[in-house]
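The file query29.txt comes next; it holds compact mmCIF, C-alpha atoms and all ligand atoms.
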```
# COMPACT_ATOMS: atom_id res chain seq x y z
CA MET X 1 -2.82 -19.70 -22.29
CA ALA X 2 -2.30 -17.48 -19.28
CA SER X 3 -4.76 -14.70 -18.78
CA PHE X 4 -3.69 -11.34 -17.43
CA ARG X 5 -5.41 -8.45 -15.68
CA ILE X 6 -4.20 -5.06 -14.59
CA GLY X 7 -5.35 -3.15 -11.54
CA HIS X 8 -5.00 0.36 -10.18
CA GLY X 9 -5.05 1.57 -6.58
CA TYR X 10 -4.91 4.95 -4.87
CA ASP X 11 -4.83 5.89 -1.19
CA ILE X 12 -4.27 9.00 0.88
CA HIS X 13 -3.90 9.48 4.65
CA ARG X 14 -3.69 12.71 6.61
CA THR X 15 -0.57 13.27 8.68
CA ALA X 16 -1.00 13.36 12.46
CA ALA X 17 1.24 13.98 15.45
CA GLY X 18 1.77 11.06 17.80
CA ARG X 19 1.09 8.40 15.15
CA PRO X 20 3.62 5.95 13.71
CA LEU X 21 4.78 6.53 10.15
CA VAL X 22 4.78 3.21 8.31
CA LEU X 23 5.14 3.09 4.52
CA GLY X 24 5.60 -0.12 2.58
CA GLY X 25 5.87 -1.93 5.90
CA VAL X 26 8.90 0.14 6.95
CA LYS X 27 8.76 2.29 10.07
CA PHE X 28 10.14 5.79 9.54
CA ASP X 29 11.71 7.86 12.27
CA ALA X 30 9.65 11.03 11.82
CA ASP X 31 8.02 13.55 14.15
CA PHE X 32 4.63 12.73 12.63
CA GLY X 33 2.72 9.72 11.36
CA LEU X 34 -0.45 8.98 9.44
CA TYR X 35 -3.98 9.04 10.78
CA GLY X 36 -6.02 5.90 10.21
CA HIS X 37 -7.69 2.88 11.75
CA SER X 38 -4.92 0.44 10.77
CA ASP X 39 -1.24 1.39 10.75
CA ALA X 40 -2.31 3.80 7.94
CA ASP X 41 0.30 2.49 5.49
CA ALA X 42 -0.97 4.35 2.40
CA LEU X 43 1.48 2.65 0.03
CA THR X 44 0.50 -0.86 1.09
CA HIS X 45 -3.21 0.06 0.95
CA ALA X 46 -2.84 1.35 -2.63
CA ILE X 47 -1.14 -1.92 -3.59
CA CYS X 48 -3.93 -3.94 -1.90
CA ASP X 49 -6.58 -2.01 -3.82
CA ALA X 50 -4.73 -2.46 -7.12
CA LEU X 51 -4.55 -6.23 -6.55
CA LEU X 52 -8.21 -6.47 -5.53
CA GLY X 53 -9.25 -4.29 -8.46
CA ALA X 54 -7.32 -6.45 -10.92
CA ALA X 55 -9.22 -9.51 -9.66
CA GLY X 56 -12.54 -7.67 -9.91
CA LEU X 57 -12.97 -7.72 -6.13
CA PRO X 58 -14.22 -4.90 -3.89
CA ASP X 59 -11.71 -2.56 -2.20
CA ILE X 60 -9.90 -3.11 1.09
CA GLY X 61 -12.50 -1.15 3.04
CA HIS X 62 -14.93 -3.94 2.13
CA PHE X 63 -12.56 -6.73 3.22
CA PHE X 64 -11.19 -4.99 6.30
CA PRO X 65 -13.81 -2.46 7.49
CA ASP X 66 -12.53 0.35 9.73
CA THR X 67 -15.54 -0.25 11.97
CA ASP X 68 -14.04 -3.62 12.94
CA ALA X 69 -11.86 -3.43 16.06
CA ALA X 70 -9.85 -6.42 14.77
CA TYR X 71 -8.13 -4.08 12.30
CA ARG X 72 -7.26 -1.33 14.75
CA ASP X 73 -3.56 -0.42 14.30
CA ILE X 74 -3.09 -3.70 12.40
CA ASP X 75 0.13 -4.18 10.44
CA SER X 76 -0.94 -3.58 6.83
CA GLN X 77 1.46 -6.30 5.66
CA LEU X 78 -1.03 -8.74 7.21
CA LEU X 79 -3.78 -7.16 5.10
CA LEU X 80 -1.60 -7.45 1.98
CA GLN X 81 -0.88 -11.11 2.76
CA ARG X 82 -4.63 -11.73 3.09
CA VAL X 83 -5.30 -9.96 -0.21
CA ILE X 84 -2.70 -12.16 -1.93
CA ALA X 85 -4.36 -15.23 -0.35
CA ALA X 86 -7.80 -14.08 -1.58
CA LEU X 87 -6.39 -13.76 -5.11
CA ARG X 88 -4.67 -17.13 -4.95
CA GLU X 89 -7.95 -18.77 -3.87
CA ARG X 90 -9.36 -17.48 -7.15
CA GLY X 91 -6.39 -18.72 -9.16
CA TRP X 92 -4.65 -15.35 -9.51
CA ALA X 93 -0.99 -14.65 -8.80
CA PRO X 94 0.73 -11.25 -8.91
CA VAL X 95 3.23 -10.66 -11.74
CA ASN X 96 4.56 -7.23 -10.86
CA ILE X 97 3.73 -4.08 -8.93
CA ASP X 98 4.63 -0.50 -9.76
CA ALA X 99 3.88 2.19 -7.20
CA THR X 100 4.56 5.85 -6.50
CA LEU X 101 4.50 7.52 -3.10
CA VAL X 102 3.75 11.22 -2.95
CA ALA X 103 5.15 12.72 0.25
CA GLU X 104 6.76 16.07 0.99
CA LYS X 105 8.70 14.52 3.87
CA PRO X 106 10.45 12.52 5.18
CA ARG X 107 12.99 11.49 2.55
CA ILE X 108 11.75 8.16 1.21
CA ALA X 109 14.46 7.27 -1.31
CA PRO X 110 17.02 5.92 1.21
CA ARG X 111 14.45 3.37 2.44
CA LEU X 112 13.08 2.15 -0.93
CA ALA X 113 15.17 -1.03 -1.01
CA GLU X 114 13.96 -1.97 2.47
CA MET X 115 10.35 -1.33 1.49
CA LYS X 116 10.76 -3.49 -1.61
CA ALA X 117 12.14 -6.33 0.50
CA VAL X 118 9.16 -6.18 2.89
CA LEU X 119 6.62 -6.02 0.05
CA ALA X 120 8.40 -8.89 -1.72
CA ARG X 121 8.01 -11.03 1.41
CA SER X 122 4.32 -10.16 1.76
CA THR X 123 3.46 -10.80 -1.89
CA GLY X 124 5.80 -13.66 -2.76
CA LEU X 125 7.22 -11.57 -5.61
CA ALA X 126 10.90 -11.08 -6.35
CA ALA X 127 12.13 -7.65 -5.27
CA ASP X 128 12.86 -6.78 -8.90
CA ALA X 129 9.18 -7.33 -9.74
CA ILE X 130 8.33 -4.41 -7.46
CA GLY X 131 8.86 -0.88 -8.74
CA LEU X 132 8.78 1.88 -6.14
CA LYS X 133 9.26 5.59 -6.65
CA ALA X 134 8.90 8.51 -4.32
CA THR X 135 8.16 12.06 -5.32
CA THR X 136 7.02 15.27 -3.66
CA ASN X 137 4.14 17.48 -4.71
CA GLU X 138 6.47 20.46 -5.17
CA GLY X 139 4.86 22.30 -2.27
CA ALA X 140 1.45 22.34 -3.97
CA ASP X 141 -1.85 21.42 -2.27
CA ASP X 142 -2.26 19.62 1.07
CA ILE X 143 0.27 16.91 0.20
CA GLY X 144 2.80 19.59 -0.70
CA ARG X 145 2.14 21.29 2.65
CA GLY X 146 2.82 18.03 4.48
CA LEU X 147 -0.79 17.53 5.57
CA ALA X 148 -1.18 14.17 3.83
CA ILE X 149 0.72 11.37 2.11
CA ALA X 150 -0.70 9.62 -0.95
CA ALA X 151 0.22 6.56 -2.99
CA HIS X 152 -0.64 5.25 -6.44
CA ALA X 153 -0.13 1.64 -7.55
CA VAL X 154 -0.66 -0.46 -10.63
CA VAL X 155 -0.31 -4.23 -10.71
CA LEU X 156 -0.42 -7.06 -13.20
CA ILE X 157 -1.89 -10.40 -12.13
CA GLN X 158 -1.95 -13.68 -13.98
CA LYS X 159 -4.07 -16.82 -13.97
CA ALA X 160 -2.08 -19.84 -15.05
ZN ZN Y 201 -5.32 3.58 3.65
```
Encoded form (structure tokens):
Amino acid sequence: MASFRIGHGYDIHRTAAGRPLVLGGVKFDADFGLYGHSDADALTHAICDALLGAAGLPDIGHFFPDTDAAYRDIDSQLLLQRVIAALRERGWAPVNIDATLVAEKPRIAPRLAEMKAVLARSTGLAADAIGLKATTNEGADDIGRGLAIAAHAVVLIQKA
């Protein structure tokens, strides 16, 4: 009988001028980006943490420390691919992902299909096994003022 686990992940990055804006592996044409050691892809980091959490493993800061120059500006899809590999080594495979991005701007919705396609490639999942939503914070708090972008993710993993 297959065994299943769920996992939850959350990430937030501050916005910063002169940084790239990459979410779900898709580069956005915006006049700001996200501050961070890697490419600061908050959505992909939340998904990584959800996967690691489901497998009972430590978070991505443990696997890819921001003190390690090897991860400077790294494409977070590479981190996600390594997380999937770490799960597979332990017999786990992802079943589905559901994630929500919280960003006041830019408009995310027109790029959701592209983001799903990238995440599907990185995880080996079908695009329809990846749920992605984008919402704003209705102008409230630092996210609502455009000072940060956050992401929440839940995943199901299965051991055959
Ligand atoms: Zn992050």
Report task. Write out as JSON, numbers by chain which residues come within 12 Å of X:Pro58 when counting all atoms listed in the file, dropping same-chain ones fewer than 5 positions away. Result -> {"X": [7, 9, 48, 49, 50, 51, 52, 53, 63, 64, 65, 83, 86, 87]}
Report task. Step by step, measure atom-to-atom distances between ligand ZN 201 (chain Y) and each residue using all atoms listed in the file, keep those at most 9 Å, then write them as number ranges by chain. Result -> X: 10-13, 36-46, 60-61, 76, 150
Query raised in the report: Suppose you want the space between atom CA of X:Asp98 and atom CA of X:Asp31; what is it in Å?
Result: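 Separation of atom CA of X:Asp98 and atom CA of X:Asp31: 27.9 Å.
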Query - Atom-to-atom span, atom CA of X:Ala117 and atom CA of X:Ala17, Å - result: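 So the answer is 27.5 Å.
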Emit as JSON the padded axis-aligned box for all listed atoms of stretch 7-25 of chain X, 8 Å per side, with centre and edge lengths in Å to one decimal.
```
{"center_x": 0.3, "center_y": 5.4, "center_z": 3.1, "size_x": 27.2, "size_y": 33.1, "size_z": 45.3}
```
Query - Nearest to X:Ala16, chosen from X:Ala148, X:Thr136, X:Leu112, X:Ala85, with only C-alpha atoms counted in the distances - result: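 Result for the nearest residue to X:Ala16: X:Ala148.
Nearest-residue note for X:Ser122: choosing from X:Gln77, X:Asn137, X:Gln158, X:Thr100, the minimum distance belongs to X:Gln77, counting only C-alpha atoms.
Across the structure, atom CA of X:Gly144 and atom CA of X:Ile47 are spaced 22.1 Å apart.
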